[in-house]
Amino acid sequence: MRSYLHFVVVIILISFFSPTQAQNQALAPENDLCLKCHTNQTITFLNTLTKRQDKRMMNPLYILNKDHLAAGVHAKFKCTDCHSADYSKYPHNAELKLEPLSTCLDCHGGDAKYAAYKFEKIDEEFQKSVHFQKVGESFTCSKCHNQHYYQAKSRNSSEVGEIVGFSNDMCMSCHSNNNKFLLFSNKLKPELSQIHDWLPNQELHFKNVRCIECHTVVVDSLSVSHNILPKEKALKNCVECHSKNSMLEASLYKYKNIQTRTEKGKLNSIITNKSYIIGAYQNEWLNNFSIIIFLMALVGISIHLIIRIIKK
Amino acid sequence: MTSESKIYFYPIWLRIWHGINALSILVLIFTGINMQYANQNFKLMDFELAVNLHNIFGITVTLNYLLFFIGNMMTSNKKYYRLKMKGLIKRLILQVNYYTSGMFKNENPPFPLNEKRKFNPMQKVTYLLAMYIFVPGLIITGLALLFPETIIEEVYSLSGIFMTAVLHASLGFLVSIFLVIHLYVASIGKHPLNNFKSIIDGYHDISGH
């Protein structure tokens, strides 16, 4: 009996701390009804014409991932904060789709609470970008930043690999997917490995640096540059990154460096960094030390040579 | 050519190995410096070209090392690299004394070269260090950097790739110091160019040592 009780307590504890419980706590409870359908592959509803329960496939474009949703910055939002309140009625009115959604700047713009993130400056930079220049207003923030799942990785993650992956996935969502690419272009997407064939160690670069490192103009006041350049203007100079004053210090490693330097000091932050960039980690002390040793060897040789000539 | 004062020290395979090695190491040092000290204001050559040349000549040195290693295994050349530890310090001091003072007083070298002795103790130690520690170390770290996915990510919280790169650059630096001293010491002889001629025609003039 006692062991049975233990078993029940353990089961209750497990179910209390289970991921589903944690997910549900992270998400707004008002969304339960929406997510009941929008996180499932199928939908069951009462067909008012046939008076029968119908089970149908959900449109895959409208299925959300609950885990990603719970991890996103907007997890606590109600669906109707951005979508029309009329969506709370089912079946949804087809015309609702034509209503414009709230834009990011409706909330983020002109609000002192978000001033530090400089959304207005981001918008200003974005409007110079090739995406806006070619596509115009219909290229909204959400084309890259999925509002449902967005996470502030470049600011909060301490893993450079994670920052790179999260950022590049945004680009890849269109640039490696013709269906999405054709939303904005009349041509098929270019083959990325072909147009980057000049880049040595292509795979290594794609895995360890963000596309935006070479394809944007770095603006110091912004955490992430948003002025995506046309391909002709993209950076093609290796030394910009592979050098003592590597531009990656001002972009990809900006946050990590500030964070780890405060915690561990500069040298420590370099030697614990998993991504090594040729030429970027130059230590003044080591550089000078090697030059001194080399010069000493040359001086020794010169003295020996002079004595050899004199004594000849 | 007087056969009494000249010994056929450098067989053809050794000269081919030495020639390829010398040329490759020079390119590797030049391109390596270009990458290690890369800077917008310091540019000996195009970075991309430096990387490509460094990779190509790095692989050349690796394959060439096999020639050196197999050549030494298969021929009697390996005997010149055998090091007797007993009395080594004493022999090294004698050789250093000769280089720093004896040779200026026209003294005879303490370890004259002959068929049984191709290297003096100092040469033997430095060649052993260069060919059996520095160069293999450079090859291993170089190959690891060519395939960075093979490097252990973290060793006691230190970045594996960073430590590999530092070791590679440090060994490269030691080889560049070796090269400068090697070239200078090669000029010590009856005539400064004698030894350079020897490594091309294979015959070493022992009358100058």
# chains A, B, ... in the order shown; residues from 1 in each chain; ligands from 1
$ closest_atom_pairs --of "chain B" --to "chain A" --cutoff "8 Å" --atoms "only C-alpha atoms" --output "CSV"
residue,atom,partner,partner_atom,distance
B:Met35,CA,A:Gly279,CA,5.5
B:Gln36,CA,A:Gly279,CA,4.7
B:Tyr37,CA,A:Gly279,CA,5.9
B:Ala38,CA,A:Ser243,CA,4.6
B:Asn39,CA,A:Ser243,CA,4.7
B:Gln40,CA,A:Val239,CA,6.4
B:Phe47,CA,A:Cys238,CA,6.4
B:Glu48,CA,A:Cys238,CA,6.7
B:Thr100,CA,A:His304,CA,7.7
B:Phe104,CA,A:Lys311,CA,6.0
B:Lys105,CA,A:Lys311,CA,8.0
B:Glu153,CA,A:Lys274,CA,6.3
B:Glu154,CA,A:Lys274,CA,7.3
B:Ser157,CA,A:Thr272,CA,6.2
B:Leu158,CA,A:Thr272,CA,4.6
B:Ser159,CA,A:Thr272,CA,4.6
B:Gly160,CA,A:Lys274,CA,7.1
B:Ile161,CA,A:Tyr276,CA,6.2
B:Phe162,CA,A:Tyr276,CA,5.6
B:Met163,CA,A:Ile271,CA,7.3
B:Ala165,CA,A:Tyr276,CA,7.9
B:Phe173,CA,A:Ser290,CA,7.7
B:Ile177,CA,A:Phe294,CA,6.6
B:Val180,CA,A:Leu298,CA,7.9
B:Ile181,CA,A:Ile301,CA,7.5
B:Tyr184,CA,A:Ile301,CA,7.2
$ select_by_dssp --residues "segment 181-257 of chain A" --states "alpha helix (DSSP H)" --output "NGL selection string"
:A and (181 or 192-195 or 202-208 or 211-215 or 254-257)
$ closest_residue --among "B:His204, B:Pro148, B:Ile25, B:Phe68" --to "Met131 of chain B" --atoms "only C-alpha atoms"
B:Phe68
$ residues_around --residues "segment 172-183 of chain A" --least-positions-apart "3" --cutoff "12 Å" --atoms "only C-alpha atoms" --output "list in words"
Leu61, His131, Val135, Ser138, Phe139, Ser142, Lys143, Cys144, His145, Asn146, Val164, Gly165, Phe166, Ser167, Asn168, Asp169, Asn186, Lys187, Leu188, Lys189, Pro190, Glu191, Leu192, Ser193, Phe206, Arg210, Cys211 and Ile212 of chain A
$ decode --residues "segment 75-86 of chain A" --atoms "N, CA and C atoms" --output "compact mmCIF listing (two decimals), in the first residue's frame"
# COMPACT_ATOMS: atom_id res chain seq x y z
N ALA A 75 5.27 34.92 -26.02
CA ALA A 75 4.54 33.77 -25.49
C ALA A 75 3.34 34.16 -24.64
N LYS A 76 3.47 35.22 -23.90
CA LYS A 76 2.40 35.61 -22.97
C LYS A 76 1.28 36.41 -23.64
N PHE A 77 1.47 36.71 -24.93
CA PHE A 77 0.46 37.51 -25.62
C PHE A 77 -0.79 36.70 -25.91
N LYS A 78 -1.91 37.42 -25.97
CA LYS A 78 -3.14 36.77 -26.41
C LYS A 78 -3.12 36.81 -27.94
N CYS A 79 -3.69 35.79 -28.59
CA CYS A 79 -3.72 35.77 -30.05
C CYS A 79 -4.38 37.05 -30.57
N THR A 80 -5.43 37.48 -29.83
CA THR A 80 -6.20 38.62 -30.30
C THR A 80 -5.51 39.96 -30.02
N ASP A 81 -4.31 39.91 -29.42
CA ASP A 81 -3.53 41.16 -29.29
C ASP A 81 -3.09 41.63 -30.67
N CYS A 82 -2.83 40.67 -31.56
CA CYS A 82 -2.40 41.04 -32.91
C CYS A 82 -3.48 40.70 -33.95
N HIS A 83 -4.15 39.55 -33.76
CA HIS A 83 -5.19 39.14 -34.70
C HIS A 83 -6.53 39.74 -34.25
N SER A 84 -7.45 39.84 -35.20
CA SER A 84 -8.76 40.43 -34.91
C SER A 84 -9.48 39.65 -33.79
N ALA A 85 -10.17 40.39 -32.93
CA ALA A 85 -10.92 39.75 -31.84
C ALA A 85 -12.03 38.87 -32.40
N ASP A 86 -12.44 39.15 -33.64
CA ASP A 86 -13.52 38.35 -34.25
C ASP A 86 -13.09 36.91 -34.52
